[in-house]
Every structure is written in structure tokens, then in C-alpha cells.
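A.B. asks: One file: final.txt (compact mmCIF, N, CA and C atoms and all ligand atoms).
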# COMPACT_ATOMS: atom_id res chain seq x y z
N MET Z 1 -13.06 -2.04 65.61
CA MET Z 1 -13.24 -0.61 65.86
C MET Z 1 -14.69 -0.35 66.29
N SER Z 2 -14.88 0.42 67.34
CA SER Z 2 -16.23 0.66 67.84
C SER Z 2 -16.90 1.78 67.06
N ASP Z 3 -18.22 1.88 67.21
CA ASP Z 3 -18.94 2.97 66.56
C ASP Z 3 -18.50 4.33 67.07
N ASN Z 4 -18.09 4.39 68.34
CA ASN Z 4 -17.63 5.67 68.89
C ASN Z 4 -16.42 6.19 68.14
N PHE Z 5 -15.52 5.28 67.83
CA PHE Z 5 -14.35 5.68 67.07
C PHE Z 5 -14.77 6.22 65.71
N ASP Z 6 -15.68 5.51 65.06
CA ASP Z 6 -16.11 5.95 63.73
C ASP Z 6 -16.70 7.35 63.79
N SER Z 7 -17.52 7.65 64.82
CA SER Z 7 -18.14 8.97 64.83
C SER Z 7 -17.13 10.05 65.19
N LEU Z 8 -16.14 9.70 66.01
CA LEU Z 8 -15.06 10.66 66.27
C LEU Z 8 -14.35 11.01 64.96
N TYR Z 9 -14.07 10.00 64.17
CA TYR Z 9 -13.39 10.23 62.91
C TYR Z 9 -14.25 11.07 61.96
N GLU Z 10 -15.54 10.76 61.93
CA GLU Z 10 -16.44 11.55 61.08
C GLU Z 10 -16.42 13.02 61.48
N GLU Z 11 -16.37 13.24 62.78
CA GLU Z 11 -16.34 14.60 63.33
C GLU Z 11 -15.07 15.34 62.87
N ILE Z 12 -13.94 14.66 62.93
CA ILE Z 12 -12.67 15.27 62.50
C ILE Z 12 -12.76 15.64 61.03
N ILE Z 13 -13.28 14.72 60.22
CA ILE Z 13 -13.38 14.96 58.78
C ILE Z 13 -14.33 16.13 58.50
N ARG Z 14 -15.44 16.17 59.21
CA ARG Z 14 -16.43 17.24 59.01
C ARG Z 14 -15.84 18.61 59.39
N ASP Z 15 -15.10 18.64 60.50
CA ASP Z 15 -14.49 19.90 60.95
C ASP Z 15 -13.52 20.46 59.92
N HIS Z 16 -12.67 19.61 59.40
CA HIS Z 16 -11.69 20.08 58.42
C HIS Z 16 -12.37 20.49 57.11
N TYR Z 17 -13.49 19.85 56.80
CA TYR Z 17 -14.22 20.19 55.57
C TYR Z 17 -14.91 21.55 55.73
N LYS Z 18 -15.55 21.74 56.88
CA LYS Z 18 -16.34 22.97 57.07
C LYS Z 18 -15.48 24.17 57.43
N ASN Z 19 -14.39 23.94 58.14
CA ASN Z 19 -13.55 25.05 58.59
C ASN Z 19 -12.09 24.81 58.22
N PRO Z 20 -11.80 24.75 56.93
CA PRO Z 20 -10.41 24.49 56.55
C PRO Z 20 -9.51 25.65 56.96
N GLN Z 21 -8.35 25.33 57.48
CA GLN Z 21 -7.40 26.36 57.93
C GLN Z 21 -6.36 26.69 56.87
N HIS Z 22 -6.26 25.87 55.87
CA HIS Z 22 -5.15 26.00 54.92
C HIS Z 22 -5.61 26.12 53.47
N LYS Z 23 -6.88 26.46 53.26
CA LYS Z 23 -7.40 26.59 51.91
C LYS Z 23 -7.31 28.05 51.48
N LYS Z 24 -6.63 28.30 50.35
CA LYS Z 24 -6.56 29.66 49.84
C LYS Z 24 -6.30 29.61 48.34
N PRO Z 25 -6.60 30.69 47.63
CA PRO Z 25 -6.41 30.65 46.17
C PRO Z 25 -4.93 30.50 45.82
N LEU Z 26 -4.63 29.58 44.95
CA LEU Z 26 -3.25 29.34 44.51
C LEU Z 26 -3.18 29.57 43.01
N GLU Z 27 -1.98 29.76 42.52
CA GLU Z 27 -1.79 29.97 41.08
C GLU Z 27 -0.59 29.15 40.61
N HIS Z 28 -0.55 28.95 39.30
CA HIS Z 28 0.64 28.38 38.65
C HIS Z 28 0.96 26.96 39.08
N ILE Z 29 0.00 26.26 39.64
CA ILE Z 29 0.22 24.87 40.02
C ILE Z 29 -0.91 24.07 39.37
N PRO Z 30 -0.59 23.01 38.66
CA PRO Z 30 -1.67 22.25 38.02
C PRO Z 30 -2.52 21.50 39.05
N PHE Z 31 -3.81 21.38 38.76
CA PHE Z 31 -4.69 20.57 39.60
C PHE Z 31 -4.42 19.09 39.38
N VAL Z 32 -4.52 18.33 40.44
CA VAL Z 32 -4.56 16.87 40.34
C VAL Z 32 -6.04 16.49 40.46
N GLN Z 33 -6.50 15.62 39.58
CA GLN Z 33 -7.94 15.35 39.50
C GLN Z 33 -8.25 13.89 39.83
N ASN Z 34 -9.44 13.73 40.36
CA ASN Z 34 -9.97 12.38 40.62
C ASN Z 34 -11.26 12.24 39.82
N PRO Z 35 -11.15 11.73 38.59
CA PRO Z 35 -12.33 11.71 37.70
C PRO Z 35 -13.49 10.90 38.26
N SER Z 36 -13.21 9.89 39.08
CA SER Z 36 -14.31 9.03 39.53
C SER Z 36 -15.24 9.78 40.48
N CYS Z 37 -14.77 10.89 41.09
CA CYS Z 37 -15.63 11.64 42.01
C CYS Z 37 -15.80 13.09 41.58
N GLY Z 38 -14.92 13.57 40.70
CA GLY Z 38 -14.97 14.96 40.29
C GLY Z 38 -14.16 15.90 41.16
N ASP Z 39 -13.37 15.33 42.06
CA ASP Z 39 -12.53 16.17 42.92
C ASP Z 39 -11.35 16.72 42.14
N LYS Z 40 -10.97 17.95 42.47
CA LYS Z 40 -9.69 18.46 41.96
C LYS Z 40 -9.04 19.29 43.05
N VAL Z 41 -7.74 19.15 43.15
CA VAL Z 41 -7.03 19.85 44.22
C VAL Z 41 -5.61 20.13 43.77
N ARG Z 42 -5.05 21.21 44.28
CA ARG Z 42 -3.63 21.48 44.09
C ARG Z 42 -3.07 21.95 45.42
N VAL Z 43 -1.79 21.69 45.60
CA VAL Z 43 -1.14 21.93 46.88
C VAL Z 43 0.11 22.77 46.63
N ALA Z 44 0.31 23.79 47.45
CA ALA Z 44 1.52 24.61 47.38
C ALA Z 44 2.28 24.45 48.69
N ILE Z 45 3.58 24.28 48.58
CA ILE Z 45 4.42 24.09 49.75
C ILE Z 45 5.52 25.14 49.73
N THR Z 46 5.64 25.90 50.80
CA THR Z 46 6.62 26.98 50.87
C THR Z 46 7.64 26.67 51.95
N LEU Z 47 8.90 26.71 51.57
CA LEU Z 47 9.96 26.47 52.56
C LEU Z 47 10.31 27.77 53.27
N GLY Z 48 10.64 27.65 54.55
CA GLY Z 48 11.13 28.80 55.30
C GLY Z 48 12.64 28.87 55.21
N PRO Z 49 13.23 29.93 55.81
CA PRO Z 49 14.69 30.10 55.74
C PRO Z 49 15.48 28.95 56.36
N ASP Z 50 14.89 28.24 57.30
CA ASP Z 50 15.62 27.12 57.93
C ASP Z 50 15.48 25.82 57.16
N GLY Z 51 14.81 25.86 56.01
CA GLY Z 51 14.70 24.66 55.19
C GLY Z 51 13.55 23.74 55.56
N THR Z 52 12.77 24.12 56.59
CA THR Z 52 11.56 23.34 56.87
C THR Z 52 10.37 24.02 56.19
N ILE Z 53 9.27 23.29 56.14
CA ILE Z 53 8.09 23.79 55.45
C ILE Z 53 7.43 24.87 56.31
N ALA Z 54 7.42 26.11 55.78
CA ALA Z 54 6.81 27.22 56.51
C ALA Z 54 5.30 27.20 56.35
N GLU Z 55 4.84 26.79 55.16
CA GLU Z 55 3.40 26.75 54.94
C GLU Z 55 3.06 25.73 53.86
N ALA Z 56 1.98 25.00 54.11
CA ALA Z 56 1.38 24.18 53.07
C ALA Z 56 -0.05 24.68 52.91
N ALA Z 57 -0.48 24.86 51.67
CA ALA Z 57 -1.83 25.35 51.41
C ALA Z 57 -2.41 24.58 50.23
N PHE Z 58 -3.75 24.61 50.13
CA PHE Z 58 -4.38 23.91 49.01
C PHE Z 58 -5.52 24.75 48.49
N ASP Z 59 -5.91 24.50 47.25
CA ASP Z 59 -7.23 24.93 46.80
C ASP Z 59 -7.80 23.89 45.86
N GLY Z 60 -9.09 24.03 45.58
CA GLY Z 60 -9.74 23.05 44.74
C GLY Z 60 -11.18 22.89 45.17
N SER Z 61 -11.80 21.85 44.63
CA SER Z 61 -13.18 21.58 44.96
C SER Z 61 -13.41 20.08 44.91
N GLY Z 62 -14.41 19.65 45.65
CA GLY Z 62 -14.70 18.22 45.64
C GLY Z 62 -15.47 17.82 46.88
N CYS Z 63 -15.50 16.53 47.11
CA CYS Z 63 -16.29 15.98 48.21
C CYS Z 63 -15.62 16.26 49.55
N SER Z 64 -16.35 15.98 50.61
CA SER Z 64 -15.83 16.28 51.95
C SER Z 64 -14.58 15.48 52.27
N ILE Z 65 -14.47 14.27 51.74
CA ILE Z 65 -13.27 13.46 52.02
C ILE Z 65 -12.04 14.10 51.37
N SER Z 66 -12.17 14.49 50.11
CA SER Z 66 -11.00 15.04 49.42
C SER Z 66 -10.58 16.38 50.02
N MET Z 67 -11.56 17.21 50.38
CA MET Z 67 -11.22 18.54 50.89
C MET Z 67 -10.71 18.47 52.33
N SER Z 68 -11.31 17.63 53.15
CA SER Z 68 -10.83 17.54 54.54
C SER Z 68 -9.46 16.88 54.58
N SER Z 69 -9.24 15.92 53.71
CA SER Z 69 -7.95 15.26 53.66
C SER Z 69 -6.84 16.25 53.29
N ALA Z 70 -7.15 17.18 52.38
CA ALA Z 70 -6.18 18.20 51.98
C ALA Z 70 -5.84 19.11 53.16
N ASP Z 71 -6.84 19.45 53.96
CA ASP Z 71 -6.59 20.34 55.10
C ASP Z 71 -5.77 19.63 56.18
N VAL Z 72 -6.09 18.37 56.42
CA VAL Z 72 -5.31 17.56 57.38
C VAL Z 72 -3.85 17.47 56.92
N LEU Z 73 -3.68 17.21 55.66
CA LEU Z 73 -2.34 17.13 55.07
C LEU Z 73 -1.56 18.42 55.30
N ALA Z 74 -2.19 19.55 54.97
CA ALA Z 74 -1.50 20.84 55.07
C ALA Z 74 -1.10 21.13 56.53
N ASP Z 75 -1.99 20.79 57.45
CA ASP Z 75 -1.71 20.92 58.89
C ASP Z 75 -0.44 20.16 59.28
N LEU Z 76 -0.38 18.96 58.76
CA LEU Z 76 0.67 18.03 59.15
C LEU Z 76 2.04 18.44 58.61
N LEU Z 77 2.06 19.02 57.43
CA LEU Z 77 3.34 19.27 56.76
C LEU Z 77 4.09 20.47 57.32
N ALA Z 78 3.37 21.42 57.90
CA ALA Z 78 4.03 22.63 58.41
C ALA Z 78 5.08 22.25 59.45
N GLY Z 79 6.27 22.81 59.29
CA GLY Z 79 7.35 22.58 60.26
C GLY Z 79 8.21 21.37 59.96
N LYS Z 80 7.81 20.56 58.98
CA LYS Z 80 8.58 19.36 58.65
C LYS Z 80 9.64 19.68 57.60
N THR Z 81 10.69 18.90 57.57
CA THR Z 81 11.63 18.99 56.45
C THR Z 81 10.98 18.30 55.25
N PRO Z 82 11.44 18.63 54.03
CA PRO Z 82 10.89 17.93 52.87
C PRO Z 82 11.05 16.41 52.97
N GLN Z 83 12.16 15.95 53.55
CA GLN Z 83 12.36 14.50 53.71
C GLN Z 83 11.31 13.90 54.65
N GLU Z 84 11.06 14.58 55.77
CA GLU Z 84 10.04 14.10 56.71
C GLU Z 84 8.66 14.13 56.07
N ALA Z 85 8.39 15.19 55.32
CA ALA Z 85 7.10 15.32 54.66
C ALA Z 85 6.88 14.19 53.67
N LYS Z 86 7.92 13.89 52.91
CA LYS Z 86 7.82 12.82 51.91
C LYS Z 86 7.53 11.48 52.60
N ALA Z 87 8.22 11.22 53.71
CA ALA Z 87 8.00 9.95 54.42
C ALA Z 87 6.56 9.86 54.94
N MET Z 88 6.02 10.98 55.43
CA MET Z 88 4.65 10.97 55.95
C MET Z 88 3.64 10.74 54.84
N VAL Z 89 3.85 11.42 53.72
CA VAL Z 89 2.91 11.26 52.60
C VAL Z 89 2.97 9.83 52.07
N GLU Z 90 4.17 9.30 51.99
CA GLU Z 90 4.29 7.93 51.48
C GLU Z 90 3.66 6.92 52.43
N LEU Z 91 3.77 7.17 53.74
CA LEU Z 91 3.12 6.28 54.70
C LEU Z 91 1.60 6.31 54.53
N PHE Z 92 1.04 7.52 54.42
CA PHE Z 92 -0.41 7.65 54.25
C PHE Z 92 -0.88 6.91 53.00
N LEU Z 93 -0.17 7.12 51.90
CA LEU Z 93 -0.58 6.48 50.64
C LEU Z 93 -0.42 4.95 50.72
N ALA Z 94 0.61 4.51 51.44
CA ALA Z 94 0.80 3.06 51.57
C ALA Z 94 -0.33 2.42 52.39
N VAL Z 95 -0.80 3.14 53.42
CA VAL Z 95 -1.93 2.61 54.20
C VAL Z 95 -3.17 2.52 53.31
N LEU Z 96 -3.41 3.57 52.52
CA LEU Z 96 -4.60 3.56 51.65
C LEU Z 96 -4.51 2.45 50.62
N ARG Z 97 -3.30 2.14 50.18
CA ARG Z 97 -3.14 1.04 49.20
C ARG Z 97 -3.22 -0.32 49.86
N GLY Z 98 -3.31 -0.34 51.20
CA GLY Z 98 -3.39 -1.61 51.90
C GLY Z 98 -2.04 -2.25 52.15
N GLU Z 99 -0.96 -1.49 51.94
CA GLU Z 99 0.38 -2.04 52.12
C GLU Z 99 0.88 -1.91 53.55
N LYS Z 100 0.24 -1.04 54.33
CA LYS Z 100 0.61 -0.89 55.74
C LYS Z 100 -0.66 -0.95 56.57
N ASP Z 101 -0.48 -1.31 57.85
CA ASP Z 101 -1.63 -1.42 58.73
C ASP Z 101 -2.24 -0.04 59.00
N PRO Z 102 -3.59 0.07 58.99
CA PRO Z 102 -4.22 1.37 59.24
C PRO Z 102 -3.79 2.01 60.56
N SER Z 103 -3.40 1.21 61.56
CA SER Z 103 -3.00 1.79 62.85
C SER Z 103 -1.77 2.68 62.71
N GLU Z 104 -1.00 2.51 61.63
CA GLU Z 104 0.17 3.37 61.40
C GLU Z 104 -0.21 4.84 61.25
N LEU Z 105 -1.48 5.08 60.89
CA LEU Z 105 -1.91 6.47 60.70
C LEU Z 105 -1.93 7.25 62.01
N GLU Z 106 -1.87 6.54 63.14
CA GLU Z 106 -1.85 7.24 64.42
C GLU Z 106 -0.64 8.16 64.55
N GLN Z 107 0.42 7.88 63.79
CA GLN Z 107 1.58 8.78 63.78
C GLN Z 107 1.31 10.08 63.05
N LEU Z 108 0.19 10.16 62.35
CA LEU Z 108 -0.05 11.29 61.44
C LEU Z 108 -1.20 12.17 61.91
N GLY Z 109 -1.37 12.33 63.21
CA GLY Z 109 -2.36 13.26 63.74
C GLY Z 109 -3.76 12.96 63.21
N ASP Z 110 -4.44 14.02 62.75
CA ASP Z 110 -5.82 13.87 62.31
C ASP Z 110 -5.97 12.95 61.10
N ALA Z 111 -4.89 12.64 60.43
CA ALA Z 111 -4.97 11.73 59.28
C ALA Z 111 -5.49 10.35 59.70
N MET Z 112 -5.39 10.05 61.00
CA MET Z 112 -5.93 8.77 61.47
C MET Z 112 -7.43 8.67 61.21
N ALA Z 113 -8.09 9.81 61.05
CA ALA Z 113 -9.53 9.80 60.80
C ALA Z 113 -9.89 9.09 59.50
N PHE Z 114 -8.92 8.94 58.62
CA PHE Z 114 -9.20 8.33 57.32
C PHE Z 114 -8.97 6.82 57.32
N GLN Z 115 -8.59 6.27 58.48
CA GLN Z 115 -8.28 4.84 58.45
C GLN Z 115 -9.52 3.98 58.17
N GLY Z 116 -10.70 4.48 58.51
CA GLY Z 116 -11.92 3.73 58.22
C GLY Z 116 -12.17 3.58 56.73
N LEU Z 117 -11.55 4.45 55.93
CA LEU Z 117 -11.77 4.42 54.48
C LEU Z 117 -11.19 3.19 53.82
N VAL Z 118 -10.26 2.55 54.54
CA VAL Z 118 -9.67 1.34 53.97
C VAL Z 118 -10.78 0.32 53.67
N ARG Z 119 -11.90 0.48 54.38
CA ARG Z 119 -13.04 -0.42 54.12
C ARG Z 119 -13.97 0.12 53.04
N LEU Z 120 -13.68 1.29 52.51
CA LEU Z 120 -14.55 1.94 51.52
C LEU Z 120 -13.73 2.29 50.28
N PRO Z 121 -13.42 1.29 49.49
CA PRO Z 121 -12.46 1.50 48.38
C PRO Z 121 -12.81 2.65 47.46
N VAL Z 122 -14.09 2.94 47.25
CA VAL Z 122 -14.43 4.02 46.31
C VAL Z 122 -13.98 5.39 46.81
N ARG Z 123 -13.81 5.53 48.13
CA ARG Z 123 -13.41 6.83 48.67
C ARG Z 123 -11.90 6.99 48.81
N LEU Z 124 -11.17 5.92 48.58
CA LEU Z 124 -9.72 6.00 48.78
C LEU Z 124 -9.08 7.03 47.86
N LYS Z 125 -9.55 7.08 46.62
CA LYS Z 125 -8.96 8.03 45.67
C LYS Z 125 -9.22 9.46 46.10
N CYS Z 126 -10.36 9.68 46.74
CA CYS Z 126 -10.68 11.03 47.25
C CYS Z 126 -9.67 11.42 48.33
N ALA Z 127 -9.41 10.50 49.25
CA ALA Z 127 -8.51 10.80 50.36
C ALA Z 127 -7.07 10.95 49.88
N ALA Z 128 -6.70 10.19 48.87
CA ALA Z 128 -5.31 10.17 48.41
C ALA Z 128 -4.96 11.39 47.55
N LEU Z 129 -5.96 12.04 47.00
CA LEU Z 129 -5.72 13.04 45.94
C LEU Z 129 -4.74 14.14 46.34
N SER Z 130 -5.00 14.80 47.45
CA SER Z 130 -4.14 15.93 47.84
C SER Z 130 -2.75 15.45 48.24
N TRP Z 131 -2.68 14.24 48.75
CA TRP Z 131 -1.38 13.69 49.17
C TRP Z 131 -0.53 13.40 47.94
N ARG Z 132 -1.19 12.93 46.87
CA ARG Z 132 -0.46 12.74 45.61
C ARG Z 132 0.01 14.08 45.07
N ALA Z 133 -0.85 15.10 45.16
CA ALA Z 133 -0.48 16.44 44.71
C ALA Z 133 0.69 16.97 45.53
N ALA Z 134 0.67 16.74 46.83
CA ALA Z 134 1.75 17.21 47.71
C ALA Z 134 3.06 16.51 47.38
N LEU Z 135 2.98 15.23 47.10
CA LEU Z 135 4.20 14.47 46.81
C LEU Z 135 4.91 15.05 45.59
N GLU Z 136 4.13 15.43 44.57
CA GLU Z 136 4.73 16.05 43.38
C GLU Z 136 5.50 17.31 43.76
N GLN Z 137 4.91 18.11 44.65
CA GLN Z 137 5.55 19.38 45.03
C GLN Z 137 6.77 19.12 45.93
N ILE Z 138 6.63 18.15 46.84
CA ILE Z 138 7.74 17.86 47.78
C ILE Z 138 8.95 17.36 46.99
N GLU Z 139 8.69 16.55 45.98
CA GLU Z 139 9.83 15.99 45.24
C GLU Z 139 10.63 17.06 44.53
N LYS Z 140 10.00 18.19 44.24
CA LYS Z 140 10.75 19.31 43.64
C LYS Z 140 11.67 19.98 44.66
N LEU Z 141 11.40 19.75 45.95
CA LEU Z 141 12.17 20.44 47.00
C LEU Z 141 13.31 19.58 47.53
N LEU Z 142 13.35 18.32 47.14
CA LEU Z 142 14.36 17.41 47.71
C LEU Z 142 15.70 17.58 46.99
ZN ZN Z 201 -14.31 12.57 46.28
Have the structure of the file written as C-alpha cells, please.
Ligand code: ZN

C.D. replies:
Amino acid sequence: MSDNFDSLYEEIIRDHYKNPQHKKPLEHIPFVQNPSCGDKVRVAITLGPDGTIAEAAFDGSGCSISMSSADVLADLLAGKTPQEAKAMVELFLAVLRGEKDPSELEQLGDAMAFQGLVRLPVRLKCAALSWRAALEQIEKLL
């Protein structure tokens, strides 16, 4: 991977951190926490009348990786069925665990920006946090 790719990815992560489109105050949903970094996040998923996800939103606090990852996730889930959403979240988590090739993230839009983290194990938990929170919510919808 070239340095140009890395800086493109950094730019995507920075944009989602500074200008999140899907961050709003939520209630009645427990936070999922990452004690090693102090991140906490919760994710709300709302189905529309056609059974696809009308809106995904998050709130919480933490480092730029955890917060930008949550915004990327929320972007991606809108319009998907719960089954599609579950498959996407599981793919992302499998890449972070090293079970799938990082290039698989190219199917997941801006989530590809996190593929460089596979080389930075301490940040993996930050990136995975909101996706784990989303998976809990998606499983309630299946
Ligand atoms: Zn973090």
C-alpha cells in the first residue's frame, strides 16, 4: 500500500470524525465500551415500513477512530435489510480479527479506510466498537 492510499484513508477518517452525519442524542440503549481507550458508543437502528433500515444513528464519545468508524457504519446501514446489515458488520469484524483479507473492505464504502488498522492492533478495538454495538441491535431485528 502506498503512502498516498494511507493519507486518503486518514482524510476519510478525519472527515467522519469532524463532520459526523449520523451522531445524535439517543436514549434507552446501553453504551458499549472500550476500556483500553475510554471509548463508549451506542447505536440505534430504525426500520422503515418496507423492512429496510430507515436510519442508523450513534452517540458516544471517544477517539477519532471509534467515532469516525461509527459514522461510517451508520452511513452504510441505511437502506439495507437487517440480514444485509448483519452480513456487512460481520465482514468488517472478521477483517479486523484477521480472518478475512483487508481488501474485502472495498465492498463496504468508506469502511475501507480502516483497513490500515489491521497493522495497528491497539486501534482495532476502537474501530470495532460501534460495529459490535450495531450487531447487538441488528440481531433484535432479525
Ligand atoms: Zn479509541

A.B. asks: Under the rule of at most 5 Å, produce a per-residue listing of chain Z near ligand ZN 201 (chain Z): chain, number, name, the closest pair of atoms, and the distance in Å, as a Markdown table, using all atoms listed in the file.

C.D. replies:
| residue | atom | partner | partner_atom | distance |
| --- | --- | --- | --- | --- |
| Z:Cys37 | CA | Z:ZN201 | ZN | 4.6 |
| Z:Cys63 | N | Z:ZN201 | ZN | 4.2 |
| Z:Ser66 | N | Z:ZN201 | ZN | 4.8 |
| Z:Cys126 | CA | Z:ZN201 | ZN | 4.1 |

A.B. asks: If you keep N, CA and C atoms, can you produce a file of those selected residues as a CSV table (one decimal), keeping the file's coordinate frame?

C.D. replies:
chain,number,residue,atom,x,y,z
Z,37,CYS,N,-14.8,10.9,41.1
Z,37,CYS,CA,-15.6,11.6,42.0
Z,37,CYS,C,-15.8,13.1,41.6
Z,63,CYS,N,-15.5,16.5,47.1
Z,63,CYS,CA,-16.3,16.0,48.2
Z,63,CYS,C,-15.6,16.3,49.6
Z,66,SER,N,-12.2,14.5,50.1
Z,66,SER,CA,-11.0,15.0,49.4
Z,66,SER,C,-10.6,16.4,50.0
Z,126,CYS,N,-10.4,9.7,46.7
Z,126,CYS,CA,-10.7,11.0,47.2
Z,126,CYS,C,-9.7,11.4,48.3

A.B. asks: Could you go through chain Z and tell me which residues DSSP, when run on the backbone, assigns to alpha helix (DSSP H), listing them as a VMD selection string?

C.D. replies: chain Z and resid 3 to 18 64 to 77 82 to 96 121 to 141

A.B. asks: If you measure from atom C of Asp71 in chain Z to CA of Val89 in chain Z, what distance in Å do you get, rounded to one decimal?

C.D. replies: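 Distance between the two atoms: 12.6 Å.
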
A.B. asks: Write out as a compact mmCIF listing (two decimals) with N, CA and C atoms, keeping the file's coordinate frame the residues lying within 7 Å of range 114-124 of chain Z, counting only N, CA and C atoms and excluding same-chain residues fewer than 3 positions away.

C.D. replies:
# COMPACT_ATOMS: atom_id res chain seq x y z
N TYR Z 9 -14.07 10.00 64.17
CA TYR Z 9 -13.39 10.23 62.91
C TYR Z 9 -14.25 11.07 61.96
N VAL Z 95 -0.80 3.14 53.42
CA VAL Z 95 -1.93 2.61 54.20
C VAL Z 95 -3.17 2.52 53.31
N LEU Z 96 -3.41 3.57 52.52
CA LEU Z 96 -4.60 3.56 51.65
C LEU Z 96 -4.51 2.45 50.62
N PRO Z 102 -3.59 0.07 58.99
CA PRO Z 102 -4.22 1.37 59.24
C PRO Z 102 -3.79 2.01 60.56
N SER Z 103 -3.40 1.21 61.56
CA SER Z 103 -3.00 1.79 62.85
C SER Z 103 -1.77 2.68 62.71
N LEU Z 105 -1.48 5.08 60.89
CA LEU Z 105 -1.91 6.47 60.70
C LEU Z 105 -1.93 7.25 62.01
N ASP Z 110 -4.44 14.02 62.75
CA ASP Z 110 -5.82 13.87 62.31
C ASP Z 110 -5.97 12.95 61.10
N ALA Z 111 -4.89 12.64 60.43
CA ALA Z 111 -4.97 11.73 59.28
C ALA Z 111 -5.49 10.35 59.70
N ALA Z 127 -9.41 10.50 49.25
CA ALA Z 127 -8.51 10.80 50.36
C ALA Z 127 -7.07 10.95 49.88
N ALA Z 128 -6.70 10.19 48.87
CA ALA Z 128 -5.31 10.17 48.41
C ALA Z 128 -4.96 11.39 47.55
N LEU Z 129 -5.96 12.04 47.00
CA LEU Z 129 -5.72 13.04 45.94
C LEU Z 129 -4.74 14.14 46.34

A.B. asks: With distances taken over all atoms listed in the file, which of Z:Asp59, Z:Glu27, Z:Glu104, Z:Asp6 is nearest to Val43 in chain Z?

C.D. replies: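 Of Z:Asp59, Z:Glu27, Z:Glu104, Z:Asp6, the one nearest Val43 in chain Z is Z:Asp59, counting all atoms listed in the file.
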
A.B. asks: Looking at Z:Arg42, Z:Leu8, Z:Ile138, Z:Pro35, which one is nearest to Gln83 in chain Z, with distances taken over all atoms listed in the file?

C.D. replies: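 With all atoms listed in the file as the atom set, the closest residue is Z:Ile138.
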
A.B. asks: Compute the distance from (-13.6, 18.7, 57.5) to each atom, counting all atoms listed in the file, keep the residues with any atom at most 8 Å away, and return them as an MDAnalysis selection string; use the coordinates of the file.

C.D. replies: chainID Z and resid 10:20 64:65 67:69 71:72
